[in-house]
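*Asks:* My questions will all concern the structure given below.
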Amino acid sequence: MDVKSQISNLQEEQLPVPKQQLKGWRHFLGLYAGEHVAASEFVFGATFVALGASMTDILLGLLIGNILAVLSWTFITTPIAVDTRLSMYTYLHKIAGDSMTKLYNWANVIIFTVISAAMITVSATAVRFALNIPAQLNWYPTDPWFVLVVLTVGIIVVLVATYGFNAVSNFSRICAPWLFVMFISGPLVLIPALSNSVLGYPVLTGWSDFMQIGSTSIWTGLDPSGKPGIGLIEVAGFAWAANTITHFGLIDMALLRYAKKRSYGLCTAAGMLFGHYIAWISAGIMGAGTALLVQKSITELDPGDVAFQALGLSGLVIVIVAGWTTANANLYRAGLAAQAVFKQYSRNITTLMVGIVTVIIACFPFVFTKLLPLLTYAGLLVVPVGAIVFAEHFIFPRIGLTRYWVSYRKLTHSTPAVSAWGLGLLFGFGLNVINVMPFYYLFLPTWIFTIVVYSLLSRAYGANERYEKEAAEMARFEREVEKHQEEQARINPEIEPESSSFSNVLKSIAYASLGITVALAVNTMFFSSDMAEYAQNRDLFYKFGFACTVVYFVSAYWAMKRQKAQALQLAEEV
């Protein structure tokens with residue numbers, strides 16, 4: 001088979017990203033800001049309060065952990081993604097063959113199924129609250145109506161992920177600015193209640209007031225049983241480990257392969273610092289404020305309770321929308337991974353099958369109450385695979401081993417890769433069993449251990465040999481791929497339509513509604529001289545804030561639909 005035939009037989013996802021599809025830094029700022037301000041932030045924010053972190057540990061620990069996460073994306077994930085322009089799945093197949101890729105896809109099916117289930121459960125808490133169904137505080141469901149709600153929400157999510165993912169993906173993009181405004185507004189609305197409870201007056205007079213409120217009523221340094229909670233090192237570790245799936249585990253190669261430069265990995269700060277850092281702190285404040293208002297422990301609250309008390313009807317919308325969009329994206333990923341395993345079925349069928357399992361898991365509340373540990377352990381599951389890719393890409397050329405040696409030998413099974421992954425898992429989870437270190441840092445020694453094992457095994461199995469002829473053939477194939485993509489770009493040029501005047505008006509209305517929402521929240525926090533005036537201002541925010549939510553989504557979605565219609569019209573004209 002000639003090179004052109006080989007290229008035509010490959011799917012677009014299996015080829016490097018063409019130059020004309022590379023994105024600028026603004027794209028990645030928006031992408032990460034949108035993806036990392038989600039329903040899970042309600043869970044994480046309340047988790048740190050329940051774990052008994054102190055305020056200083058939260059402010060510093062979350063900052064340190066999230067900066068470490070940004071650096072991990074910047075110096076580990078992005079360089080490999082930019083060098084290869086391949087997704088993790090394609091690159092892994094290139095260096096480890098079919099058997100390793102199938103195992104890895106199974107791991108992703110499990111991980112993304114659990115994450116999707118957690119987000120469905122989070123969305124269901126908003127509906128549960130609206131229907132006055134009791135909060136589910138056990139690991140199993142205690143109310144049949146809650147199960148019915150989960151099944152209803154879950155079926156919608158599964159059907160949309162199966163047949164309408166593009167629409168949800170587009171809708172998710174316009175959610176990011178609104179979600180950010182909601183996470184900013186919630187604490188502004190609830191801080192006066194906390195201030196009055198702690199200080200005796202609703203309006204803060206300075207930073208010292210905020211620190212006193214936080215230390216006394218939110219992050220007290222004690223867990224609900226009154227025992228000392230987690231400290232700075234633990235908080236930083238949680239924040240860093242929460243995303244090991246995507247940076248050390250290299251899942252985000254799929255996104256960052258579109259980056260024009262390696263430095264664009266720093267754009268992940270939009271998700272970590274503006275998303276996780278601010279959103280987790282905001283969620284903690286909202287959780288503590290809600291606990292005060294309803295006279296319950298924060299461990300007795302779920303996201304529906306918290307969001308409604310902070311944001312009114314907009315709070316129920318944020319829980320449903322954030323959970324829905326996050327669940328759809330992850331269920332879509334799980335369906336793709338499953339389809340790679342069961343090649344005889346379409347992606348729609350595999351997504352439907354995975355979705356059924358997901359909805360069943362979502363009926364059990366433990367999937368969202370234990371989300372942070374689950375994500376940490378999920379990261380530990382895939383970090384050894386990221387270590388194998390890192391070793392092959394960066395370490396091998398420096399120690400005299402040949403990159404892509406499995407492809408050069410046309411092997412379908414890589415014993416070094418499969419063995420290194422298995423040994424890495426035994427090592428990591430073994431450390432957890434003997435409890436030699438906090439579990440959220442286990443990914444670091446596991447990553448290093450796997451790199452060493454894989455490098456030694458690969459040397460023994462043939463990576464130390466030279467494959468000059470095969471390397472030349474691969475280089476020629478890559479040049480032909482580049483020529484093919486350039487030719488396709490000339491035939492089908494990408495055209496970005498200019499926004500019409502009416503579309504610009506719609507966008508202006510959308511962003512004005514967000515500005516009004518923030519102004520109402522600021523009015524509630526800084527212009528409530530007493531609790532009677534606070535109640536009036538809070539009710540004003542609830543009423544008009546929800547109206548602004550409706551206006552934002554109508555105008556933003558309308559503008560997006562018009563722009564897509566213009567793009568389609570231009571494409572037809574070309």
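Ordering of the structure tokens sets the chain letters (A, B, ...), residue numbers begin anew at 1 in every chain, and ligands are numbered from 1 in the order given.
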Skip Thr205 (chain A) itself and residues of its chain fewer than 3 positions away, then list as number ranges by chain all residues within 12 Å of it, counting only C-alpha atoms.
*Replies:* A: 192, 195, 199, 201-202, 208-213, 525-527, 529
*Asks:* What does the file look like for those residues with all heavy atoms, as a compact mmCIF listing (two decimals), in the first residue's frame?
*Replies:*
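Contents of the output file selection26.txt:
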```txt
# COMPACT_ATOMS: atom_id res chain seq x y z
N PRO A 192 -22.56 38.76 54.19
CA PRO A 192 -23.20 39.58 55.23
C PRO A 192 -23.85 38.76 56.34
O PRO A 192 -23.79 39.14 57.52
CB PRO A 192 -24.24 40.40 54.45
CG PRO A 192 -23.67 40.52 53.09
CD PRO A 192 -22.99 39.20 52.84
N SER A 195 -21.05 37.50 58.42
CA SER A 195 -20.46 38.61 59.17
C SER A 195 -21.33 38.98 60.37
O SER A 195 -20.82 39.20 61.48
CB SER A 195 -20.31 39.82 58.24
OG SER A 195 -19.82 40.93 58.95
N LEU A 199 -19.46 38.78 63.70
CA LEU A 199 -19.01 40.10 64.14
C LEU A 199 -20.12 40.96 64.74
O LEU A 199 -19.84 41.96 65.41
CB LEU A 199 -18.37 40.86 62.97
CG LEU A 199 -17.23 40.13 62.25
CD1 LEU A 199 -16.78 40.94 61.03
CD2 LEU A 199 -16.05 39.92 63.19
N TYR A 201 -22.34 42.58 62.83
CA TYR A 201 -22.78 43.57 61.83
C TYR A 201 -22.54 42.96 60.44
O TYR A 201 -21.64 42.17 60.23
CB TYR A 201 -22.02 44.88 61.99
CG TYR A 201 -20.53 44.76 62.14
CD1 TYR A 201 -19.68 44.68 61.03
CD2 TYR A 201 -19.95 44.73 63.41
CE1 TYR A 201 -18.31 44.56 61.17
CE2 TYR A 201 -18.57 44.62 63.56
CZ TYR A 201 -17.76 44.55 62.44
OH TYR A 201 -16.39 44.43 62.59
N PRO A 202 -23.39 43.33 59.45
CA PRO A 202 -23.35 42.66 58.15
C PRO A 202 -22.30 43.18 57.17
O PRO A 202 -21.92 42.45 56.25
CB PRO A 202 -24.77 42.90 57.60
CG PRO A 202 -25.22 44.17 58.23
CD PRO A 202 -24.58 44.21 59.59
N SER A 208 -9.29 42.29 57.60
CA SER A 208 -9.22 41.60 58.89
C SER A 208 -10.57 41.00 59.26
O SER A 208 -10.64 39.93 59.86
CB SER A 208 -8.74 42.55 59.98
OG SER A 208 -9.63 43.67 60.10
N ASP A 209 -11.66 41.71 58.90
CA ASP A 209 -13.00 41.16 59.15
C ASP A 209 -13.20 39.86 58.38
O ASP A 209 -13.73 38.88 58.90
CB ASP A 209 -14.08 42.17 58.75
CG ASP A 209 -14.28 43.25 59.80
OD1 ASP A 209 -13.62 43.17 60.86
OD2 ASP A 209 -15.08 44.17 59.56
N PHE A 210 -12.79 39.87 57.12
CA PHE A 210 -12.95 38.68 56.28
C PHE A 210 -12.14 37.52 56.85
O PHE A 210 -12.62 36.38 56.90
CB PHE A 210 -12.51 38.99 54.85
CG PHE A 210 -12.57 37.80 53.93
CD1 PHE A 210 -13.79 37.24 53.57
CD2 PHE A 210 -11.41 37.22 53.42
CE1 PHE A 210 -13.86 36.13 52.72
CE2 PHE A 210 -11.46 36.12 52.58
CZ PHE A 210 -12.70 35.57 52.22
N MET A 211 -10.92 37.79 57.28
CA MET A 211 -10.08 36.74 57.85
C MET A 211 -10.70 36.18 59.13
O MET A 211 -10.67 34.97 59.37
CB MET A 211 -8.68 37.27 58.13
CG MET A 211 -7.84 37.56 56.90
SD MET A 211 -7.46 36.06 55.94
CE MET A 211 -6.36 35.20 57.07
N GLN A 212 -11.26 37.06 59.94
CA GLN A 212 -11.88 36.60 61.18
C GLN A 212 -13.12 35.74 60.89
O GLN A 212 -13.32 34.70 61.53
CB GLN A 212 -12.28 37.79 62.06
CG GLN A 212 -12.82 37.37 63.43
CD GLN A 212 -13.12 38.54 64.34
OE1 GLN A 212 -12.74 39.68 64.04
NE2 GLN A 212 -13.81 38.29 65.44
N ILE A 213 -13.93 36.16 59.92
CA ILE A 213 -15.12 35.39 59.55
C ILE A 213 -14.71 34.02 59.02
O ILE A 213 -15.27 32.99 59.41
CB ILE A 213 -15.95 36.15 58.49
CG1 ILE A 213 -16.56 37.39 59.09
CG2 ILE A 213 -17.03 35.24 57.91
CD1 ILE A 213 -17.16 38.33 58.06
N MET A 525 -23.75 42.81 49.38
CA MET A 525 -22.65 42.67 50.34
C MET A 525 -22.25 44.00 50.97
O MET A 525 -22.04 44.07 52.19
CB MET A 525 -21.44 42.05 49.66
CG MET A 525 -20.24 41.92 50.59
SD MET A 525 -18.92 40.94 49.89
CE MET A 525 -17.65 41.12 51.16
N PHE A 526 -22.15 45.03 50.18
CA PHE A 526 -21.55 46.28 50.68
C PHE A 526 -22.55 47.36 51.06
O PHE A 526 -22.16 48.38 51.64
CB PHE A 526 -20.58 46.84 49.63
CG PHE A 526 -19.38 45.97 49.41
CD1 PHE A 526 -19.28 45.17 48.30
CD2 PHE A 526 -18.35 45.94 50.35
CE1 PHE A 526 -18.16 44.37 48.10
CE2 PHE A 526 -17.23 45.14 50.16
CZ PHE A 526 -17.14 44.35 49.03
N PHE A 527 -23.83 47.17 50.74
CA PHE A 527 -24.81 48.22 51.01
C PHE A 527 -25.99 47.69 51.80
O PHE A 527 -27.13 48.08 51.59
CB PHE A 527 -25.26 48.86 49.68
CG PHE A 527 -24.16 49.52 48.92
CD1 PHE A 527 -23.48 48.83 47.92
CD2 PHE A 527 -23.76 50.81 49.23
CE1 PHE A 527 -22.44 49.42 47.23
CE2 PHE A 527 -22.72 51.42 48.55
CZ PHE A 527 -22.04 50.72 47.54
N SER A 529 -26.86 47.83 55.48
CA SER A 529 -26.45 48.40 56.77
C SER A 529 -26.94 47.59 57.96
O SER A 529 -26.35 47.64 59.03
CB SER A 529 -26.95 49.85 56.89
OG SER A 529 -28.37 49.88 56.74
```
*Asks:* Do a neighbour search on region 550-563 of chain A at 6 Å with only C-alpha atoms, toss out local chain neighbours closer than 2 positions, and write the hits as a list in words.
*Replies:* Ser503, Leu506, Lys507, Ala510, Ser513, Ala547, Cys548, Ala565 and Gln566 of chain A
*Asks:* Name all residues at most 9 Å from Ile120 (chain A) (count only C-alpha atoms; drop same-chain ones fewer than 2 positions away) and give them as number ranges by chain.
*Replies:* A: 115-118, 122-125, 150, 153-154, 157, 320, 323-324, 326-327, 358-359, 362-363
*Asks:* Could the residues of region 72-125 of chain A that have an atom at most 10 Å from region 381-398 of chain A be listed as CSV, each with its closest atom pair and the distance in Å to one decimal, counting only C-alpha atoms and ordered by chain and ascending residue number?
*Replies:*
```
residue,atom,partner,partner_atom,distance
A:Ile76,CA,A:Phe390,CA,7.6
A:Thr77,CA,A:Phe390,CA,8.7
A:Pro79,CA,A:Phe394,CA,9.6
A:Ile80,CA,A:His393,CA,7.1
A:Asp83,CA,A:His393,CA,9.3
A:Thr84,CA,A:His393,CA,9.4
A:Met88,CA,A:Val389,CA,8.4
A:Tyr91,CA,A:Val389,CA,7.9
A:Leu92,CA,A:Val389,CA,6.8
A:Ile95,CA,A:Glu392,CA,7.6
A:Ala96,CA,A:Val389,CA,9.0
A:Met100,CA,A:Val385,CA,9.2
A:Thr101,CA,A:Val385,CA,9.9
A:Tyr104,CA,A:Val382,CA,7.8
A:Ala107,CA,A:Val382,CA,7.4
A:Asn108,CA,A:Val382,CA,8.3
A:Ile111,CA,A:Leu381,CA,8.9
```
*Asks:* From the list A:Gln309, A:Thr152, A:Asn537, A:Gln295, which residue is nearest Ala521 (chain A) when using only C-alpha atoms?
*Replies:*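 Selected residue with least distance to Ala521 (chain A): A:Asn537.
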*Asks:* Looking at A:Leu59, A:Ala417, A:Val433, A:Met474, which one is nearest to Ser458 (chain A), with distances taken over only C-alpha atoms?
*Replies:* A:Ala417
